[in-house]
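Novice: Just one file: start-v1.txt, with compact mmCIF, C-alpha atoms.
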# COMPACT_ATOMS: atom_id res chain seq x y z
CA MET A 1 -81.05 105.94 -35.83
CA ILE A 2 -80.07 102.38 -36.77
CA VAL A 3 -82.27 99.49 -35.63
CA GLY A 4 -80.65 96.04 -35.60
CA VAL A 5 -82.18 92.56 -35.52
CA PRO A 6 -79.78 89.69 -34.65
CA LYS A 7 -80.42 85.95 -34.90
CA GLU A 8 -82.15 84.39 -31.92
CA THR A 9 -79.77 82.15 -29.99
CA TYR A 10 -82.04 80.38 -27.49
CA PRO A 11 -82.16 76.65 -28.43
CA GLY A 12 -85.26 75.93 -30.52
CA GLU A 13 -86.29 79.58 -30.84
CA ARG A 14 -87.39 80.08 -34.46
CA ARG A 15 -89.06 83.50 -34.30
CA VAL A 16 -87.50 86.76 -35.46
CA ALA A 17 -88.06 90.22 -33.99
CA LEU A 18 -88.96 91.99 -37.26
CA VAL A 19 -90.46 90.66 -40.48
CA PRO A 20 -89.97 92.28 -43.91
CA ALA A 21 -93.53 93.69 -44.07
CA VAL A 22 -92.95 96.17 -41.21
CA ILE A 23 -89.63 97.56 -42.51
CA PRO A 24 -91.21 100.34 -44.66
CA ASN A 25 -93.13 101.74 -41.68
CA ILE A 26 -89.94 101.89 -39.63
CA THR A 27 -87.88 103.54 -42.36
CA LYS A 28 -90.65 106.11 -42.93
CA ALA A 29 -90.18 107.13 -39.29
CA GLY A 30 -86.56 108.04 -40.06
CA MET A 31 -84.84 104.84 -38.98
CA GLU A 32 -82.52 102.48 -40.84
CA VAL A 33 -82.92 98.72 -40.35
CA ILE A 34 -80.08 96.20 -40.39
CA ILE A 35 -80.57 92.42 -40.12
CA GLU A 36 -77.99 89.79 -39.21
CA SER A 37 -77.69 87.42 -42.16
CA GLY A 38 -80.03 84.45 -41.67
CA ALA A 39 -81.95 85.99 -38.76
CA GLY A 40 -85.34 85.34 -40.33
CA GLU A 41 -84.68 82.06 -42.12
CA GLN A 42 -86.13 79.68 -39.51
CA ALA A 43 -89.31 81.76 -39.37
CA GLY A 44 -89.64 81.66 -43.16
CA TYR A 45 -88.18 85.08 -44.00
CA PRO A 46 -85.04 84.94 -46.20
CA ASP A 47 -82.47 87.75 -46.37
CA ALA A 48 -83.68 88.72 -49.86
CA ALA A 49 -87.16 89.53 -48.52
CA TYR A 50 -85.68 92.03 -46.07
CA VAL A 51 -83.49 93.65 -48.73
CA GLU A 52 -86.53 94.01 -50.99
CA LYS A 53 -88.28 96.04 -48.27
CA GLY A 54 -85.30 98.33 -47.67
CA ALA A 55 -83.30 96.65 -44.89
CA LYS A 56 -79.56 96.00 -45.06
CA ILE A 57 -77.98 92.64 -44.27
CA VAL A 58 -74.88 92.53 -42.06
CA PRO A 59 -72.63 89.44 -42.00
CA ASP A 60 -72.33 88.75 -38.28
CA ARG A 61 -73.60 89.50 -34.78
CA ALA A 62 -70.63 91.61 -33.70
CA THR A 63 -71.08 93.95 -36.67
CA LEU A 64 -74.78 94.31 -35.93
CA PHE A 65 -74.34 95.20 -32.26
CA ARG A 66 -71.48 97.57 -33.08
CA SER A 67 -73.61 99.41 -35.68
CA ALA A 68 -77.07 99.46 -34.07
CA ASP A 69 -78.43 102.22 -31.84
CA ALA A 70 -81.31 99.93 -30.87
CA VAL A 71 -81.26 96.12 -30.84
CA LEU A 72 -84.57 94.27 -31.19
CA GLN A 73 -84.82 90.65 -30.09
CA VAL A 74 -87.48 88.12 -29.19
CA LEU A 75 -85.56 86.67 -26.24
CA CYS A 76 -82.96 89.10 -24.91
CA TYR A 77 -80.41 88.21 -22.25
CA GLY A 78 -82.67 87.63 -19.28
CA SER A 79 -85.23 85.51 -21.12
CA ASN A 80 -82.40 83.69 -22.88
CA ASP A 81 -80.59 82.11 -19.95
CA VAL A 82 -78.70 79.65 -22.19
CA ASN A 83 -76.79 81.80 -24.66
CA GLY A 84 -77.94 85.32 -23.87
CA LYS A 85 -74.90 86.15 -21.78
CA ASP A 86 -72.76 85.95 -24.93
CA ASP A 87 -74.29 89.28 -25.99
CA LEU A 88 -73.03 91.15 -22.90
CA PRO A 89 -69.58 92.00 -24.35
CA LEU A 90 -71.30 93.25 -27.52
CA TYR A 91 -73.49 95.84 -25.80
CA LYS A 92 -72.42 99.47 -26.04
CA SER A 93 -73.25 102.30 -23.67
CA GLY A 94 -76.36 104.22 -24.69
CA GLN A 95 -77.68 101.42 -26.85
CA ALA A 96 -81.37 100.51 -26.54
CA LEU A 97 -82.39 96.87 -26.06
CA ILE A 98 -86.01 95.90 -26.69
CA GLY A 99 -87.61 92.47 -26.24
CA PHE A 100 -88.60 89.86 -23.66
CA LEU A 101 -86.23 90.30 -20.70
CA ARG A 102 -87.98 88.39 -17.89
CA PRO A 103 -87.89 91.41 -15.57
CA PHE A 104 -88.79 89.44 -12.43
CA GLY A 105 -86.28 86.66 -13.07
CA SER A 106 -82.61 87.20 -12.19
CA LEU A 107 -81.53 90.38 -10.42
CA GLU A 108 -77.91 89.65 -11.31
CA THR A 109 -78.75 89.53 -15.02
CA LEU A 110 -80.59 92.86 -14.89
CA GLN A 111 -77.67 94.41 -13.03
CA GLN A 112 -75.26 93.17 -15.69
CA ILE A 113 -77.40 94.72 -18.43
CA ALA A 114 -77.59 97.98 -16.49
CA LYS A 115 -73.82 98.03 -15.90
CA ALA A 116 -73.27 97.75 -19.66
CA GLY A 117 -74.95 101.13 -20.02
CA VAL A 118 -77.86 99.74 -22.03
CA THR A 119 -81.32 101.31 -21.93
CA ALA A 120 -83.43 98.15 -21.80
CA PHE A 121 -87.17 97.95 -22.49
CA SER A 122 -89.11 94.87 -21.36
CA VAL A 123 -92.12 94.13 -23.55
CA GLU A 124 -93.60 92.02 -20.72
CA LEU A 125 -94.28 95.21 -18.79
CA MET A 126 -96.36 96.93 -21.46
CA PRO A 127 -99.39 98.48 -19.72
CA ARG A 128 -102.74 96.86 -20.44
CA THR A 129 -104.32 100.08 -21.65
CA THR A 130 -106.20 100.91 -24.84
CA ARG A 131 -103.34 103.13 -26.00
CA ALA A 132 -100.78 100.35 -25.54
CA GLN A 133 -102.89 97.48 -26.86
CA SER A 134 -101.23 97.38 -30.30
CA MET A 135 -97.82 97.15 -28.59
CA ASP A 136 -98.75 94.35 -26.18
CA ALA A 137 -96.39 91.54 -27.21
CA LEU A 138 -97.20 89.44 -24.16
CA SER A 139 -100.82 89.22 -25.28
CA SER A 140 -100.07 88.59 -28.95
CA MET A 141 -97.65 85.77 -28.10
CA ALA A 142 -100.19 84.29 -25.70
CA ALA A 143 -102.65 84.24 -28.59
CA ALA A 144 -100.09 82.47 -30.77
CA GLU A 145 -99.58 79.85 -28.05
CA THR A 146 -103.26 78.90 -28.12
CA SER A 147 -103.45 78.47 -31.88
CA PRO A 148 -105.54 75.69 -33.47
CA ARG A 149 -102.54 73.38 -32.95
CA VAL A 150 -104.06 72.62 -29.55
CA PHE A 151 -107.21 71.36 -31.31
CA PRO A 152 -106.26 69.59 -34.57
CA MET A 153 -108.91 70.24 -37.24
CA MET A 154 -110.35 66.91 -38.41
CA THR A 155 -113.21 65.82 -40.66
CA THR A 156 -114.71 62.35 -40.49
CA ALA A 157 -117.20 60.23 -42.38
CA ALA A 158 -117.84 58.11 -39.31
CA GLY A 159 -120.93 60.03 -38.28
CA THR A 160 -121.61 62.37 -35.38
CA ILE A 161 -118.86 62.76 -32.80
CA THR A 162 -119.67 64.12 -29.36
CA PRO A 163 -118.15 67.61 -29.07
CA ALA A 164 -115.10 67.88 -26.85
CA ARG A 165 -115.67 69.62 -23.53
CA VAL A 166 -113.03 72.28 -23.05
CA PHE A 167 -112.59 74.06 -19.73
CA VAL A 168 -110.39 77.16 -19.55
CA ILE A 169 -109.02 78.40 -16.23
CA GLY A 170 -107.95 82.03 -16.47
CA ALA A 171 -109.83 84.14 -19.03
CA GLY A 172 -107.06 86.55 -19.94
CA VAL A 173 -105.88 87.01 -23.52
CA ALA A 174 -104.58 83.44 -23.82
CA GLY A 175 -107.69 81.99 -22.19
CA LEU A 176 -110.09 83.98 -24.38
CA GLN A 177 -108.17 82.92 -27.48
CA ALA A 178 -108.47 79.30 -26.36
CA ILE A 179 -112.25 79.68 -25.94
CA SER A 180 -112.56 81.24 -29.38
CA THR A 181 -110.50 78.47 -30.99
CA ALA A 182 -112.39 75.71 -29.16
CA ARG A 183 -115.75 77.14 -30.22
CA ARG A 184 -114.61 77.53 -33.82
CA LEU A 185 -113.65 73.86 -33.91
CA GLY A 186 -116.97 72.71 -32.54
CA ALA A 187 -116.10 72.13 -28.89
CA VAL A 188 -118.28 73.05 -25.94
CA ALA A 189 -116.27 75.67 -24.06
CA SER A 190 -116.58 76.89 -20.49
CA ALA A 191 -114.29 79.06 -18.42
CA TYR A 192 -113.57 80.30 -14.92
CA ASP A 193 -111.76 83.43 -13.78
CA MET A 194 -111.71 84.98 -10.32
CA ARG A 195 -112.13 88.41 -11.93
CA PRO A 196 -115.88 89.18 -12.27
CA ALA A 197 -115.17 91.38 -15.31
CA ALA A 198 -114.17 88.27 -17.28
CA LYS A 199 -117.73 86.89 -17.33
CA GLU A 200 -118.97 89.18 -20.09
CA GLN A 201 -115.87 88.52 -22.23
CA VAL A 202 -116.28 84.75 -21.96
CA GLN A 203 -119.97 84.91 -22.82
CA SER A 204 -119.33 87.22 -25.78
CA LEU A 205 -117.28 84.40 -27.35
CA GLY A 206 -120.03 81.85 -26.83
CA GLY A 207 -118.44 80.25 -23.78
CA ARG A 208 -120.19 79.35 -20.54
CA PHE A 209 -118.85 81.20 -17.52
CA ILE A 210 -118.46 79.01 -14.43
CA GLU A 211 -119.40 80.93 -11.31
CA LEU A 212 -118.18 79.67 -7.96
CA PRO A 213 -119.63 80.66 -4.56
CA ILE A 214 -116.37 82.30 -3.54
CA GLU A 215 -115.21 85.87 -3.95
CA ALA A 216 -111.64 87.08 -4.38
CA GLN A 217 -110.40 90.14 -2.54
CA ASN A 218 -109.25 92.88 -4.94
CA ALA A 219 -109.37 90.37 -7.81
CA GLN A 220 -107.39 92.49 -10.28
CA ASP A 221 -104.81 95.24 -10.16
CA ALA A 222 -104.85 98.59 -11.98
CA ARG A 223 -103.25 96.98 -15.04
CA GLY A 224 -106.01 94.35 -15.37
CA TYR A 225 -103.99 91.39 -14.09
CA GLY A 226 -105.19 88.96 -11.43
CA THR A 227 -103.80 89.46 -7.93
CA VAL A 228 -102.35 87.03 -5.40
CA GLN A 229 -104.88 85.51 -2.99
CA ASP A 230 -104.29 83.70 0.28
CA GLU A 231 -104.05 79.91 0.54
CA THR A 232 -107.53 79.66 2.08
CA PHE A 233 -108.99 81.11 -1.12
CA TYR A 234 -107.00 78.76 -3.36
CA ALA A 235 -107.94 75.70 -1.27
CA ARG A 236 -111.65 76.54 -1.56
CA GLN A 237 -111.21 77.30 -5.26
CA ARG A 238 -109.62 73.89 -5.90
CA GLU A 239 -112.41 72.18 -4.00
CA LEU A 240 -115.08 73.87 -6.12
CA LEU A 241 -113.26 73.27 -9.41
CA THR A 242 -112.81 69.52 -8.85
CA LYS A 243 -116.14 68.45 -10.40
CA VAL A 244 -115.77 70.75 -13.43
CA VAL A 245 -112.26 69.49 -14.15
CA ALA A 246 -113.36 65.85 -13.84
CA GLU A 247 -116.10 66.39 -16.45
CA SER A 248 -113.75 68.03 -18.99
CA ASP A 249 -111.94 66.42 -21.92
CA ILE A 250 -109.44 69.26 -22.25
CA VAL A 251 -108.42 71.69 -19.50
CA ILE A 252 -106.41 74.75 -20.51
CA SER A 253 -104.95 76.62 -17.55
CA ALA A 254 -103.69 80.13 -18.10
CA ALA A 255 -103.80 81.69 -14.64
CA VAL A 256 -100.64 83.76 -14.20
CA ILE A 257 -99.70 86.62 -11.89
CA PRO A 258 -96.88 88.87 -13.14
CA GLY A 259 -93.74 88.50 -11.05
CA LYS A 260 -95.19 85.68 -8.94
CA LYS A 261 -95.27 81.89 -9.03
CA SER A 262 -98.42 80.64 -10.72
CA PRO A 263 -101.09 79.45 -8.27
CA VAL A 264 -101.69 75.67 -8.12
CA LEU A 265 -105.33 75.19 -9.14
CA ILE A 266 -105.30 71.55 -10.30
CA THR A 267 -104.08 69.00 -7.75
CA ALA A 268 -102.80 65.47 -8.36
CA ASP A 269 -106.08 64.08 -7.01
CA MET A 270 -108.05 66.25 -9.46
CA VAL A 271 -105.96 64.86 -12.34
CA LYS A 272 -106.67 61.29 -11.22
CA GLY A 273 -110.38 62.11 -11.28
CA MET A 274 -110.27 62.89 -15.01
CA ALA A 275 -111.15 60.29 -17.64
CA PRO A 276 -108.27 58.49 -19.41
CA GLY A 277 -107.42 60.28 -22.64
CA SER A 278 -108.09 63.72 -21.16
CA VAL A 279 -105.55 66.49 -21.66
CA ILE A 280 -104.32 69.39 -19.52
CA VAL A 281 -102.51 72.18 -21.38
CA ASP A 282 -100.70 74.22 -18.73
CA LEU A 283 -99.87 77.60 -20.29
CA ALA A 284 -98.50 78.72 -16.91
CA ALA A 285 -95.77 76.05 -16.96
CA GLU A 286 -92.88 78.52 -17.18
CA ARG A 287 -93.98 80.15 -13.91
CA GLY A 288 -94.37 76.89 -12.01
CA GLY A 289 -97.62 75.71 -13.54
CA ASN A 290 -101.27 75.73 -12.49
CA CYS A 291 -101.24 71.93 -12.24
CA GLU A 292 -99.42 70.28 -9.36
CA LEU A 293 -98.00 67.62 -11.73
CA THR A 294 -96.79 69.92 -14.51
CA ARG A 295 -93.14 69.64 -15.50
CA MET A 296 -91.83 72.63 -17.39
CA GLY A 297 -90.94 71.75 -20.97
CA GLU A 298 -92.31 68.21 -20.74
CA THR A 299 -95.48 66.21 -21.34
CA VAL A 300 -96.24 63.73 -18.58
CA LYS A 301 -98.96 61.07 -18.34
CA VAL A 302 -100.76 60.18 -15.14
CA LYS A 303 -103.51 57.52 -15.15
CA GLY A 304 -103.98 58.12 -18.90
CA VAL A 305 -104.21 61.91 -18.57
CA SER A 306 -101.66 63.93 -20.55
CA ILE A 307 -100.29 67.07 -18.86
CA ILE A 308 -98.57 69.33 -21.38
CA GLY A 309 -96.07 71.70 -19.77
CA ALA A 310 -94.62 73.05 -23.00
CA ILE A 311 -92.97 76.45 -22.92
CA ASN A 312 -92.38 78.88 -25.78
CA LEU A 313 -95.21 77.34 -27.80
CA ALA A 314 -95.30 80.46 -29.97
CA SER A 315 -91.98 79.37 -31.46
CA SER A 316 -93.73 76.32 -32.95
CA VAL A 317 -95.64 78.67 -35.27
CA PRO A 318 -92.75 81.07 -36.01
CA TYR A 319 -94.02 82.57 -39.28
CA HIS A 320 -97.24 84.00 -37.87
CA ALA A 321 -95.93 84.55 -34.33
CA SER A 322 -93.10 86.65 -35.80
CA GLN A 323 -95.64 88.70 -37.77
CA MET A 324 -97.59 89.55 -34.62
CA TYR A 325 -94.49 90.29 -32.57
CA ALA A 326 -92.98 92.45 -35.33
CA ARG A 327 -96.14 94.58 -35.48
CA ASN A 328 -95.95 95.08 -31.71
CA LEU A 329 -92.32 96.21 -31.89
CA MET A 330 -92.89 98.37 -34.97
CA THR A 331 -95.74 100.19 -33.21
CA PHE A 332 -93.63 100.65 -30.07
CA LEU A 333 -90.65 101.93 -32.05
CA THR A 334 -92.62 104.42 -34.13
CA TYR A 335 -94.39 105.57 -30.96
CA MET A 336 -91.21 106.58 -29.18
CA VAL A 337 -89.01 107.58 -32.14
CA LYS A 338 -89.89 110.81 -33.94
CA GLU A 339 -87.98 111.98 -37.01
CA GLY A 340 -85.35 109.35 -36.37
CA LYS A 341 -84.70 110.38 -32.76
CA PRO A 342 -85.93 108.64 -29.60
CA GLN A 343 -88.28 110.69 -27.40
CA LEU A 344 -88.04 109.11 -23.95
CA ASN A 345 -90.60 111.03 -21.93
CA MET A 346 -90.65 109.47 -18.47
CA GLN A 347 -94.04 111.05 -17.80
CA ASP A 348 -95.45 108.75 -20.47
CA GLU A 349 -96.78 105.56 -18.86
CA ILE A 350 -95.77 103.35 -21.79
CA ILE A 351 -92.14 104.50 -21.67
CA ARG A 352 -91.94 104.59 -17.87
CA GLU A 353 -93.46 101.15 -17.30
CA THR A 354 -91.40 99.28 -19.92
CA MET A 355 -87.98 100.87 -19.33
CA ILE A 356 -86.00 98.69 -16.91
CA THR A 357 -82.46 100.05 -17.07
CA SER A 358 -80.93 103.42 -17.93
CA GLY A 359 -77.80 105.34 -17.00
CA GLY A 360 -76.12 102.28 -15.51
CA GLU A 361 -78.86 101.29 -13.05
CA ILE A 362 -82.21 99.52 -12.73
CA ILE A 363 -84.74 102.35 -12.74
CA ASN A 364 -88.10 100.59 -13.06
CA SER A 365 -90.05 101.08 -9.84
CA ARG A 366 -91.97 97.79 -10.06
CA VAL A 367 -88.79 95.81 -10.66
CA ARG A 368 -86.95 97.58 -7.84
CA GLU A 369 -89.87 96.93 -5.49
CA PHE A 370 -89.98 93.25 -6.48
CA PHE A 371 -86.29 92.79 -5.70
CA LYS A 372 -86.60 94.93 -2.55
CA LEU A 373 -84.19 97.57 -3.84
CA PRO A 374 -84.38 101.13 -2.49
CA ALA A 375 -86.14 103.69 -4.65
CA ALA A 376 -84.07 104.83 -7.66
CA ALA A 377 -82.23 108.12 -7.31
CA SER A 378 -84.25 109.49 -10.24
CA GLY A 379 -87.37 109.08 -8.12
CA ASP A 380 -89.08 106.78 -10.64
Any chance you could put this one into structure tokens?

Specialist:
Amino acid sequence: MIVGVPKETYPGERRVALVPAVIPNITKAGMEVIIESGAGEQAGYPDAAYVEKGAKIVPDRATLFRSADAVLQVLCYGSNDVNGKDDLPLYKSGQALIGFLRPFGSLETLQQIAKAGVTAFSVELMPRTTRAQSMDALSSMAAAETSPRVFPMMTTAAGTITPARVFVIGAGVAGLQAISTARRLGAVASAYDMRPAAKEQVQSLGGRFIELPIEAQNAQDARGYGTVQDETFYARQRELLTKVVAESDIVISAAVIPGKKSPVLITADMVKGMAPGSVIVDLAAERGGNCELTRMGETVKVKGVSIIGAINLASSVPYHASQMYARNLMTFLTYMVKEGKPQLNMQDEIIRETMITSGGEIINSRVREFFKLPAAASGD
């Protein structure tokens, strides 16, 4: 089985799907690795480093897609809505495609991938189970997004500086990483999450858990993600969060619901109540944002408050983000490929939940339900 890694083509994307360090583990599992020339350069991994670890370099994208049985990308067509479509003519029937595919984005795109005969695996849909934890790319990239870049490390001889007050909304992987980073850099960190189970996790990192006199109905689903609540709940939530937000120097919002628009938790009036110089980092920007004033891909200022709506922040730290992502993909690959041959057992939750297309159609039950498609003929 030949595994291929092409260059990323989304503008500004500097990560690479595999790094040289994971190549030996993949080849030990009976696979051969080919890399498009220059694929790792922007992340800090030259062609020579891949060759040293046993990979082969191919000169161009067409050769790679023609040769590979499985193509590994960071942003596949689906997540790459700028240049991803250029890969469509290069797909071959029976080929596996693994990476971020934005499974709840464009139905037309998923149908095009399916029609090409590709068996596509979406890393966004990796189950949040102990067994799948080492394959969870969504979580590892969320951790990369909340790196210390959000809190520049500074030393000063000017005496004692009052610690920054950091408030995190949404204590998932990204939120917990933000708390950990804030604490490490000397900030006072607090957090809120509608899931009661998050309290212990926040406190274990030294953060203060903000409890509100309001209870969510069925706060999390079977996969550990927060669930959609009605507008009455969100209105009361915003009301109760107003004072906490106003007292914070930095607010990091990371409340996302898979396949849904992010709930608005910070209103324009709440922003105006913050002190000039305060910052909101909206990690939910790509899904609409948790702040009413967030603009995806931009930083806006309102009454002296900066609202950062940056997307794909992990690409700003490509060397380490690529390392984490490559480990996720390596673990996933070696999990489903035995003695060089893929073992696609649809009774296995990891395989079943991540596989989106196969045999010319969209087969993932969650994706079909989201787009209101009838149940797949396979009965998935």

Novice: Could you tell me how far CA of Lys243 (chain A) lies from CA of Ala164 (chain A), in Å and to one decimal?

Specialist: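 Pair CA of Lys243 (chain A) / CA of Ala164 (chain A) returns 16.5 Å.
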
Novice: Got a sec: who's within 7 Å of Asn328 (chain A), counting all atoms listed in the file, leaving out chain neighbours fewer than 2 positions off, as a ChimeraX atom specification?

Specialist: /A:134-137,324-326,330-332

Novice: Which neighbours of Glu41 (chain A) fall inside 9 Å, counting only C-alpha atoms, when residues of the same chain fewer than 5 positions from it are skipped, and could you give them as a ChimeraX atom specification?

Specialist: /A:14,16,46-47

Novice: Pick out the residues sitting within 10 Å of Lys338 (chain A), and hand them over as a PDB file with C-alpha atoms, keeping the file's coordinate frame; count all atoms listed in the file, and ignore anything fewer than 3 positions along from it in its own chain.

Specialist:
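Final output, around-v8.pdb:
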ATOM      1  CA  ALA A  29     -90.180 107.130 -39.290  1.00  0.00           C
ATOM      2  CA  GLY A  30     -86.560 108.040 -40.060  1.00  0.00           C
ATOM      3  CA  MET A  31     -84.840 104.840 -38.980  1.00  0.00           C
ATOM      4  CA  LEU A 333     -90.650 101.930 -32.050  1.00  0.00           C
ATOM      5  CA  THR A 334     -92.620 104.420 -34.130  1.00  0.00           C
ATOM      6  CA  TYR A 335     -94.390 105.570 -30.960  1.00  0.00           C
ATOM      7  CA  LYS A 341     -84.700 110.380 -32.760  1.00  0.00           C
ATOM      8  CA  PRO A 342     -85.930 108.640 -29.600  1.00  0.00           C
ATOM      9  CA  GLN A 343     -88.280 110.690 -27.400  1.00  0.00           C
TER      10      GLN A 343
END

Novice: Do you have the CA of Met270 (chain A)-CA of Asp282 (chain A) distance handy?

Specialist: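 Separating CA of Met270 (chain A) from CA of Asp282 (chain A) is a distance of 14.3 Å.
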
Novice: Any chance you could model N, CA and C atoms for region 26-49 of chain A and send them as a compact mmCIF listing (two decimals), keeping the file's coordinate frame?

Specialist:
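Result went into rebuild33.txt, see below:
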# COMPACT_ATOMS: atom_id res chain seq x y z
N ILE A 26 -91.04 101.46 -40.50
CA ILE A 26 -89.94 101.89 -39.63
C ILE A 26 -89.03 102.88 -40.35
N THR A 27 -88.75 102.63 -41.62
CA THR A 27 -87.88 103.54 -42.36
C THR A 27 -88.57 104.88 -42.61
N LYS A 28 -89.90 104.86 -42.76
CA LYS A 28 -90.65 106.11 -42.93
C LYS A 28 -90.53 107.00 -41.71
N ALA A 29 -90.31 106.38 -40.54
CA ALA A 29 -90.18 107.13 -39.29
C ALA A 29 -88.75 107.63 -39.08
N GLY A 30 -87.91 107.49 -40.11
CA GLY A 30 -86.56 108.04 -40.06
C GLY A 30 -85.50 107.10 -39.52
N MET A 31 -85.80 105.82 -39.48
CA MET A 31 -84.84 104.84 -38.98
C MET A 31 -84.30 103.97 -40.11
N GLU A 32 -83.12 103.44 -39.91
CA GLU A 32 -82.52 102.48 -40.84
C GLU A 32 -82.55 101.12 -40.16
N VAL A 33 -82.81 100.06 -40.92
CA VAL A 33 -82.92 98.72 -40.35
C VAL A 33 -81.81 97.83 -40.89
N ILE A 34 -81.08 97.18 -39.98
CA ILE A 34 -80.08 96.20 -40.39
C ILE A 34 -80.44 94.85 -39.77
N ILE A 35 -80.20 93.78 -40.52
CA ILE A 35 -80.57 92.42 -40.12
C ILE A 35 -79.34 91.54 -40.19
N GLU A 36 -79.08 90.76 -39.14
CA GLU A 36 -77.99 89.79 -39.21
C GLU A 36 -78.35 88.73 -40.25
N SER A 37 -77.44 88.39 -41.10
CA SER A 37 -77.69 87.42 -42.16
C SER A 37 -78.26 86.11 -41.58
N GLY A 38 -79.40 85.69 -42.11
CA GLY A 38 -80.03 84.45 -41.67
C GLY A 38 -80.96 84.59 -40.49
N ALA A 39 -81.13 85.81 -39.97
CA ALA A 39 -81.95 85.99 -38.76
C ALA A 39 -83.39 85.53 -38.93
N GLY A 40 -83.94 85.68 -40.13
CA GLY A 40 -85.34 85.34 -40.33
C GLY A 40 -85.58 84.01 -41.01
N GLU A 41 -84.53 83.29 -41.32
CA GLU A 41 -84.68 82.06 -42.12
C GLU A 41 -85.56 81.00 -41.47
N GLN A 42 -85.36 80.75 -40.17
CA GLN A 42 -86.13 79.68 -39.51
C GLN A 42 -87.60 80.05 -39.36
N ALA A 43 -87.91 81.33 -39.44
CA ALA A 43 -89.31 81.76 -39.37
C ALA A 43 -89.94 81.85 -40.76
N GLY A 44 -89.12 81.62 -41.80
CA GLY A 44 -89.64 81.66 -43.16
C GLY A 44 -89.41 82.97 -43.89
N TYR A 45 -88.47 83.79 -43.39
CA TYR A 45 -88.18 85.08 -44.00
C TYR A 45 -86.71 85.14 -44.43
N PRO A 46 -86.43 84.93 -45.72
CA PRO A 46 -85.04 84.94 -46.20
C PRO A 46 -84.46 86.36 -46.27
N ASP A 47 -83.14 86.45 -46.31
CA ASP A 47 -82.47 87.75 -46.37
C ASP A 47 -83.00 88.61 -47.52
N ALA A 48 -83.24 87.98 -48.68
CA ALA A 48 -83.68 88.72 -49.86
C ALA A 48 -84.99 89.46 -49.63
N ALA A 49 -85.88 88.89 -48.80
CA ALA A 49 -87.16 89.53 -48.52
C ALA A 49 -86.97 90.82 -47.72
